[in-house]
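What follows is the content of input_4.txt (compact mmCIF, C-alpha atoms).
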# COMPACT_ATOMS: atom_id res chain seq x y z
CA MET A 230 20.39 9.69 -8.60
CA TYR A 231 17.12 8.93 -6.87
CA ARG A 232 16.87 5.21 -7.45
CA GLY A 233 19.39 4.53 -4.71
CA LEU A 234 17.78 6.75 -2.10
CA GLY A 235 17.75 4.94 1.23
CA VAL A 236 18.58 1.55 -0.26
CA ALA A 237 20.42 -0.53 2.33
CA LEU A 238 20.07 -3.81 0.49
CA LEU A 239 20.62 -4.95 -3.10
CA TRP A 240 18.58 -7.96 -4.09
CA GLY A 241 20.35 -10.51 -6.29
CA VAL A 242 19.09 -13.53 -8.08
CA LEU A 243 20.71 -16.40 -6.20
CA GLY A 244 18.43 -19.37 -6.25
CA GLY A 245 15.76 -16.94 -7.49
CA LEU A 246 15.33 -15.03 -4.24
CA ALA A 247 18.50 -14.89 -2.16
CA PRO A 248 19.38 -11.41 -0.82
CA VAL A 249 22.86 -9.96 -1.20
CA ALA A 250 23.77 -7.93 1.87
CA VAL A 251 25.60 -4.64 1.45
CA ALA A 252 26.91 -4.60 5.02
CA GLU A 253 28.39 -7.60 6.76
CA ALA A 254 25.75 -7.50 9.49
CA GLY A 255 22.95 -7.49 6.94
CA THR A 256 19.73 -5.55 7.16
CA LEU A 257 16.89 -6.04 9.59
CA LEU A 258 15.12 -8.05 6.90
CA ASP A 259 18.18 -10.29 6.43
CA ARG A 260 18.66 -10.88 10.14
CA CYS A 261 15.06 -11.74 10.92
CA PHE A 262 13.88 -13.69 7.87
CA THR A 263 15.40 -16.38 5.69
CA PRO A 264 14.90 -16.34 1.91
CA GLN A 265 12.60 -19.33 2.33
CA ALA A 266 10.45 -17.46 4.86
CA LEU A 267 10.22 -14.45 2.56
CA ALA A 268 9.19 -16.37 -0.55
CA GLY A 269 5.52 -16.18 -1.40
CA THR A 270 3.39 -19.30 -1.52
CA ALA A 271 0.41 -20.24 -3.68
CA SER A 272 -1.68 -21.10 -0.62
CA GLU A 273 -1.62 -17.45 0.53
CA LEU A 274 -3.02 -16.01 -2.65
CA LYS A 275 -6.70 -16.83 -2.34
CA PRO A 276 -8.88 -14.95 0.17
CA GLN A 277 -10.60 -17.13 2.77
CA HIS A 278 -14.06 -16.73 4.26
CA ASN A 279 -13.81 -16.02 7.96
CA HIS A 280 -16.53 -14.45 10.06
CA ALA A 281 -14.23 -13.52 12.93
CA LYS A 282 -14.21 -9.78 13.57
CA LEU A 283 -11.69 -7.47 15.13
CA ASP A 284 -12.03 -6.80 18.85
CA LEU A 285 -12.52 -3.04 18.63
CA SER A 286 -12.80 -2.63 22.39
CA ALA A 287 -9.34 -4.15 22.85
CA LEU A 288 -7.86 -1.95 20.14
CA ARG A 289 -9.35 1.13 21.78
CA GLN A 290 -7.45 0.33 24.97
CA GLU A 291 -4.08 0.56 23.22
CA PRO A 292 -2.21 3.85 23.74
CA LEU A 293 -1.78 5.96 20.63
CA PRO A 294 1.11 8.43 20.42
CA THR A 295 0.24 12.02 19.62
CA ALA A 296 0.58 12.91 15.95
CA SER A 297 1.51 16.25 14.42
CA PRO A 298 -1.31 17.41 12.13
CA VAL A 299 -0.65 17.74 8.41
CA PRO A 300 0.21 21.33 7.42
CA GLU A 301 -2.61 23.31 5.81
CA THR A 302 -0.75 23.47 2.50
CA MET A 303 -0.69 19.66 2.26
CA ARG A 304 -4.28 18.92 3.22
CA GLY A 305 -6.48 17.40 0.56
CA SER A 306 -6.37 14.46 -1.82
CA ILE A 307 -2.87 14.01 -3.27
CA ARG A 308 -3.13 12.59 -6.80
CA GLY A 309 0.42 12.83 -8.07
CA VAL A 310 3.52 15.01 -7.98
CA GLU A 311 4.88 17.64 -10.34
CA LEU A 312 8.61 17.02 -10.65
CA PRO A 313 11.45 19.24 -11.87
CA PRO A 314 12.30 18.90 -15.57
CA GLY A 315 14.27 15.77 -16.36
CA VAL A 316 13.40 13.97 -13.11
CA LYS A 317 11.64 10.69 -13.89
CA LEU A 318 10.39 9.20 -10.64
CA ILE A 319 7.24 7.15 -10.08
CA ALA A 320 5.63 5.45 -7.08
CA LEU A 321 4.23 1.93 -7.29
CA THR A 322 1.53 1.42 -4.64
CA PHE A 323 -0.29 -1.74 -3.62
CA ASP A 324 -3.44 -1.96 -1.54
CA LEU A 325 -3.81 -4.70 1.06
CA CYS A 326 -7.57 -4.55 1.59
CA GLU A 327 -9.50 -6.75 3.98
CA THR A 328 -13.10 -6.60 5.16
CA ASP A 329 -15.10 -8.25 7.91
CA GLY A 330 -16.19 -11.70 6.77
CA SER A 331 -12.98 -12.70 5.01
CA VAL A 332 -9.22 -12.98 5.34
CA ALA A 333 -7.66 -11.49 2.25
CA GLY A 334 -4.68 -12.98 0.47
CA TYR A 335 -1.02 -12.06 0.21
CA ASP A 336 0.49 -11.97 -3.27
CA GLY A 337 4.08 -12.93 -2.65
CA ARG A 338 4.69 -13.06 -6.40
CA ILE A 339 4.54 -9.26 -6.45
CA VAL A 340 6.68 -8.76 -3.36
CA ASP A 341 9.27 -11.31 -4.52
CA LEU A 342 9.51 -9.57 -7.90
CA LEU A 343 9.97 -6.14 -6.32
CA ARG A 344 12.80 -7.51 -4.18
CA ARG A 345 14.53 -9.20 -7.11
CA GLU A 346 14.29 -6.04 -9.18
CA ASP A 347 15.36 -3.76 -6.28
CA VAL A 348 12.21 -1.69 -6.72
CA LYS A 349 10.81 0.50 -3.99
CA ALA A 350 7.07 0.51 -3.28
CA THR A 351 4.42 1.68 -0.84
CA PHE A 352 1.87 -0.75 0.59
CA PHE A 353 -1.43 0.61 1.90
CA ALA A 354 -2.47 -1.98 4.47
CA GLY A 355 -5.84 -2.32 6.13
CA GLY A 356 -5.77 -2.70 9.90
CA LYS A 357 -7.60 -6.01 9.73
CA TRP A 358 -5.10 -7.27 7.12
CA MET A 359 -2.23 -6.38 9.44
CA GLU A 360 -3.84 -8.35 12.26
CA THR A 361 -4.47 -11.48 10.17
CA HIS A 362 -1.07 -11.47 8.42
CA PRO A 363 1.40 -10.74 11.26
CA GLU A 364 4.44 -12.47 9.73
CA ARG A 365 4.01 -10.91 6.29
CA MET A 366 3.38 -7.53 7.88
CA ALA A 367 6.62 -7.85 9.85
CA GLN A 368 8.51 -8.67 6.66
CA LEU A 369 7.11 -5.64 4.85
CA LEU A 370 7.99 -3.42 7.81
CA ALA A 371 11.54 -4.77 7.92
CA ASP A 372 12.21 -4.25 4.22
CA PRO A 373 14.21 -1.03 3.64
CA ASN A 374 12.69 -0.64 0.15
CA PHE A 375 9.09 -0.65 1.35
CA GLU A 376 6.86 1.91 3.04
CA ILE A 377 3.60 1.15 4.86
CA GLY A 378 0.57 3.41 4.71
CA SER A 379 -2.95 3.07 6.15
CA HIS A 380 -5.89 1.72 4.15
CA GLY A 381 -8.43 2.04 6.92
CA LEU A 382 -9.39 -0.57 9.48
CA ARG A 383 -11.99 -2.72 7.68
CA HIS A 384 -12.18 -1.18 4.20
CA LEU A 385 -15.28 0.89 4.91
CA ASP A 386 -16.29 3.92 2.87
CA MET A 387 -15.13 6.78 5.09
CA ALA A 388 -17.17 9.29 3.10
CA ARG A 389 -20.24 7.69 4.69
CA LEU A 390 -18.89 7.61 8.23
CA ASN A 391 -18.69 10.32 10.86
CA GLY A 392 -17.99 10.85 14.52
CA GLU A 393 -16.62 7.88 16.47
CA ALA A 394 -17.07 5.47 13.56
CA LEU A 395 -14.82 7.60 11.36
CA LYS A 396 -12.34 8.09 14.18
CA ASP A 397 -12.13 4.32 14.74
CA GLU A 398 -11.38 3.56 11.10
CA ILE A 399 -8.42 5.94 11.19
CA ALA A 400 -7.08 5.71 14.75
CA LEU A 401 -7.51 1.96 15.24
CA THR A 402 -5.68 1.25 11.99
CA GLU A 403 -2.78 3.16 13.50
CA VAL A 404 -3.06 0.96 16.59
CA THR A 405 -2.75 -2.20 14.49
CA TYR A 406 0.36 -0.74 12.85
CA ILE A 407 1.92 0.06 16.23
CA ARG A 408 1.18 -3.47 17.43
CA ALA A 409 2.86 -4.91 14.32
CA ARG A 410 5.88 -2.65 14.79
CA LYS A 411 6.22 -3.65 18.45
CA ALA A 412 6.06 -7.33 17.54
CA LEU A 413 8.85 -6.89 15.00
CA THR A 414 11.14 -4.76 17.15
CA ALA A 415 10.70 -7.16 20.09
CA LYS A 416 12.41 -9.95 18.14
CA GLN A 417 15.98 -10.69 19.20
CA CYS A 418 17.08 -10.40 15.58
CA ALA A 419 15.76 -6.83 15.51
CA SER A 420 18.43 -5.45 17.83
CA PRO A 421 19.66 -2.24 16.15
CA ALA A 422 22.67 -2.53 13.86
CA ALA A 423 24.69 -0.01 11.92
CA GLY A 424 23.00 0.93 8.68
CA ASP A 425 19.50 -0.12 9.72
CA ARG A 426 16.65 2.01 8.43
CA PRO A 427 14.53 2.89 11.46
CA VAL A 428 11.02 1.44 11.32
CA PRO A 429 8.70 4.47 11.59
CA GLU A 430 6.83 4.74 14.87
CA ARG A 431 3.66 5.77 13.07
CA MET A 432 2.27 5.78 9.57
CA SER A 433 2.20 9.08 7.71
CA LEU A 434 0.05 8.16 4.70
CA LEU A 435 -3.55 7.05 4.24
CA ARG A 436 -5.41 5.83 1.18
CA PHE A 437 -9.19 5.97 1.52
CA PRO A 438 -10.92 2.67 0.74
CA TYR A 439 -12.75 2.79 -2.60
CA GLY A 440 -11.01 6.09 -3.30
CA THR A 441 -13.86 8.01 -1.66
CA CYS A 442 -13.75 10.76 0.93
CA ASP A 443 -15.51 13.92 2.02
CA ALA A 444 -14.36 17.06 3.80
CA GLU A 445 -14.82 15.47 7.24
CA ALA A 446 -12.80 12.38 6.33
CA LEU A 447 -10.01 14.47 4.80
CA ALA A 448 -9.86 16.66 7.90
CA ALA A 449 -9.91 13.66 10.25
CA ALA A 450 -6.99 12.05 8.43
CA ALA A 451 -4.98 15.29 8.34
CA ASP A 452 -5.60 15.93 12.03
CA GLN A 453 -4.07 12.50 12.74
CA GLY A 454 -0.96 13.39 10.76
CA LEU A 455 -1.90 11.33 7.71
CA TYR A 456 -1.41 12.60 4.17
CA ALA A 457 -4.32 11.48 1.98
CA ILE A 458 -2.82 9.67 -1.00
CA GLN A 459 -4.83 8.88 -4.08
CA TRP A 460 -3.39 8.04 -7.53
CA ASP A 461 -3.38 9.12 -11.14
CA LEU A 462 -2.78 5.80 -12.88
CA VAL A 463 -5.15 2.86 -12.34
CA THR A 464 -4.02 -0.62 -13.37
CA GLY A 465 -7.52 -2.11 -13.08
CA ASP A 466 -5.93 -5.29 -11.76
CA PRO A 467 -8.88 -6.60 -9.69
CA ASP A 468 -10.64 -7.47 -12.97
CA PRO A 469 -9.80 -11.16 -13.62
CA HIS A 470 -10.45 -10.63 -17.34
CA ARG A 471 -7.59 -8.16 -17.72
CA SER A 472 -4.48 -9.91 -18.99
CA ALA A 473 -0.97 -9.23 -17.77
CA ARG A 474 -0.18 -7.68 -21.14
CA ALA A 475 -3.18 -5.34 -20.90
CA ILE A 476 -2.15 -4.19 -17.43
CA ALA A 477 1.45 -3.68 -18.53
CA GLU A 478 0.34 -1.70 -21.56
CA THR A 479 -1.83 0.49 -19.34
CA ILE A 480 1.13 1.26 -17.10
CA LEU A 481 3.57 1.83 -19.96
CA GLY A 482 1.08 3.84 -22.00
CA LYS A 483 -0.02 6.17 -19.21
CA VAL A 484 3.08 6.48 -17.06
CA HIS A 485 4.60 9.93 -16.57
CA PRO A 486 7.07 11.50 -14.14
CA GLY A 487 5.43 11.92 -10.73
CA ALA A 488 2.81 9.23 -11.28
CA ILE A 489 1.25 7.34 -8.38
CA ILE A 490 0.22 3.92 -9.67
CA VAL A 491 -2.42 1.86 -7.84
CA ALA A 492 -2.52 -1.94 -7.84
CA HIS A 493 -3.31 -4.73 -5.37
CA ALA A 494 -1.24 -7.29 -3.48
CA ASN A 495 -4.01 -8.95 -1.45
CA GLY A 496 -4.82 -11.68 -3.97
CA ARG A 497 -7.18 -9.39 -5.90
CA GLY A 498 -4.57 -8.30 -8.44
CA TRP A 499 -5.13 -11.26 -10.71
CA HIS A 500 -2.29 -10.77 -13.20
CA THR A 501 -0.36 -7.98 -11.52
CA ALA A 502 2.88 -9.86 -10.89
CA ASP A 503 3.18 -10.99 -14.50
CA ALA A 504 2.30 -7.48 -15.68
CA LEU A 505 5.00 -5.93 -13.52
CA ALA A 506 7.53 -8.46 -14.82
CA ILE A 507 6.84 -6.97 -18.25
CA ALA A 508 6.55 -3.31 -17.25
CA ILE A 509 9.37 -2.83 -14.73
CA PRO A 510 12.28 -3.63 -17.08
CA GLU A 511 10.80 -1.38 -19.77
CA LEU A 512 10.27 1.45 -17.28
CA LYS A 513 13.89 1.13 -16.20
CA GLU A 514 15.00 1.27 -19.83
CA GLU A 515 12.97 4.46 -20.24
CA GLY A 516 14.91 5.98 -17.35
CA TYR A 517 12.26 5.81 -14.64
CA GLY A 518 13.28 5.45 -11.01
CA PHE A 519 11.06 3.85 -8.39
CA VAL A 520 10.57 5.58 -5.05
CA THR A 521 8.16 5.39 -2.13
CA VAL A 522 5.26 7.81 -2.00
CA SER A 523 6.94 9.82 0.75
CA GLU A 524 10.09 10.16 -1.35
CA LEU A 525 8.00 11.20 -4.35
CA LEU A 526 6.26 13.89 -2.32
CA ALA A 527 9.62 15.23 -1.19
CA ALA A 528 10.98 15.33 -4.74
CA GLY A 529 8.51 17.84 -6.19
CA LYS A 530 5.19 19.66 -5.80
CA PRO A 531 2.24 17.43 -4.84
CA VAL A 532 -0.91 17.76 -6.93
CA ILE A 533 -3.65 18.28 -4.35
CA ALA A 534 -7.44 18.47 -4.75
CA ASP A 535 -10.23 18.99 -2.23
CA LYS A 536 -12.10 15.87 -3.39
CA CYS A 537 -11.43 12.18 -3.98
CA TYR A 538 -12.50 10.11 -6.98
CA LEU A 539 -12.79 6.47 -7.90
CA ASN A 540 -10.64 6.06 -10.99
CA GLN A 541 -10.61 9.50 -12.61
CA PRO A 542 -11.83 13.05 -11.95
CA GLY A 543 -15.61 13.23 -12.10
CA ALA A 544 -16.23 9.61 -11.11
CA GLY A 545 -18.42 9.89 -8.05
CA PRO A 546 -18.81 7.55 -5.09
CA ARG A 547 -21.86 5.77 -6.47
CA LEU A 548 -20.33 2.29 -6.14
CA ALA A 549 -18.80 2.54 -2.70
CA ARG A 550 -20.45 1.11 0.39
CA THR A 551 -20.29 1.74 4.09
CA HIS A 552 -20.36 -2.00 4.77
CA ARG A 553 -18.48 -4.83 3.16
CA ARG A 554 -19.05 -5.77 -0.46
CA LYS A 555 -18.43 -9.06 -2.27
CA SER A 556 -15.44 -7.62 -4.10
CA ASN A 557 -12.55 -6.39 -2.01
CA ASP A 558 -12.18 -3.27 -4.06
CA VAL A 559 -14.17 -0.96 -6.27
CA PHE A 560 -11.59 -0.99 -9.07
CA SER A 561 -12.97 -4.29 -10.38
CA PHE A 562 -15.80 -2.25 -11.87
CA PHE A 563 -13.38 -0.11 -13.84
CA GLY A 564 -10.74 -2.57 -14.95
CA ARG A 565 -11.71 -2.63 -18.61
CA GLN A 566 -11.62 1.13 -18.91
CA ASN A 567 -7.85 1.34 -18.45
The structure given in the file should be rewritten as structure tokens.
Amino acid sequence: MYRGLGVALLWGVLGGLAPVAVAEAGTLLDRCFTPQALAGTASELKPQHNHAKLDLSALRQEPLPTASPVPETMRGSIRGVELPPGVKLIALTFDLCETDGSVAGYDGRIVDLLRREDVKATFFAGGKWMETHPERMAQLLADPNFEIGSHGLRHLDMARLNGEALKDEIALTEVTYIRARKALTAKQCASPAAGDRPVPERMSLLRFPYGTCDAEALAAAADQGLYAIQWDLVTGDPDPHRSARAIAETILGKVHPGAIIVAHANGRGWHTADALAIAIPELKEEGYGFVTVSELLAAGKPVIADKCYLNQPGAGPRLARTHRRKSNDVFSFFGRQN
């Protein structure tokens, strides 16, 4: 019932990756990108050192449309969703983190697998990642099965920011999204066609870097119309010592209806693609449907708290930093616990 929600494209296995269009005109993704352009490459996986920084002054000059604040009843840290009896929906989410001092990777193995398996997902992209990966960002935006949420501008700990610094991390990430959307919709191939899923004008979701927040950060996000999305199932995939089988067993052993599962697609999810190749077919056999976070929120009652946590309730922000760290994400410290 839910698995087909909003699906405008069924992905077949023709030559491993070829899309099968439902409508003769094809989707926006079909029209703008060939299967060869969509396929991930090994050269994109590894993060690269790069000391170039974002031009914040230029981003501040970009106009930002007014957002409707999040309703009071939905403010807080959303950790999962309580679903009606018998409804088995889950949301796979992937962080695309990037800090100053590096250009993070793009794990096309994950994206290619999701497309082959016709699995919906939500990607939480950092503003800097969007700026350094314009073509991949355009592809994710054009895909009717994918949703884009904010992961902050430069992967800073927003619980340790305030005032203009906090505002920049939220608002300027939105600017980078709007720039990416404009670049996509300006393409000749992006002329509207019947059956197209509109590309949202703004993001509506935010995941705090490191999973940390405070009351000011939660309020700042909500005031900008962003629902704060956390998780309740951690794959631990940034730990290179975790095998694909271990990650898959974590997912299969802890999954439950309404779960929000966190993983990484920026080259820091070492064995995530292989793990998903194991887990996704088994989850389908168990009757689970895959939806975006927004669809999951609409399907039941969100579980909302007034605090954030790292990997489980009670885990404080002791490992997060305001400035960049050597690892692109805090979950590497918790991988072996899951």
Hey, can I get the axis-aligned box for range 429-432 of chain A? All listed atoms, 8 Å padding on each side, centre and edge lengths in Å to one decimal, as JSON.
{"center_x": 5.5, "center_y": 5.1, "center_z": 12.2, "size_x": 22.4, "size_y": 17.3, "size_z": 21.3}
Counting all atoms listed in the file, what is within 6 Å of range 457-469 of chain A, bar same-chain residues fewer than 4 positions away, as a PyMOL selection string? chain A and resi 306-308+435-436+476+489-492+497-499+560-561+564
Around (1.3, -14.9, -18.6), as given in the file, which residues come within 9 Å? Count all atoms listed in the file and list them as a PyMOL selection string. chain A and resi 472-474+500+503-504
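All residues that come within 12 Å of the coordinates (-9.6, 16.9, 10.0), counting only C-alpha atoms, are given as A:Ser297, A:Pro298, A:Val299, A:Pro300, A:Glu301, A:Arg304, A:Gly305, A:Asn391, A:Gly392, A:Leu395, A:Lys396, A:Ile399, A:Cys442, A:Asp443, A:Ala444, A:Glu445, A:Ala446, A:Leu447, A:Ala448, A:Ala449, A:Ala450, A:Ala451, A:Asp452, A:Gln453, A:Gly454, A:Leu455, A:Tyr456, A:Ala457.
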Just the residues within 12 Å of Lys317 in chain A, please, counting all atoms listed in the file, with nothing from its chain fewer than 6 positions along; format it as a list in words.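 Counting all atoms listed in the file, the residues come to Met230, Tyr231, Arg232, Val310, Glu311, Val484, His485, Pro486, Gly487, Ala488, Leu512, Lys513, Glu514, Glu515, Gly516, Tyr517, Gly518, Phe519, Val520, Leu525, Ala528 and Gly529 of chain A.
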Top pick for closest residue to Leu505 in chain A, considering A:Glu273, A:Glu327, A:Glu398, A:Glu478 and counting all atoms listed in the file: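 Under the stated criterion, the closest residue is A:Glu478.
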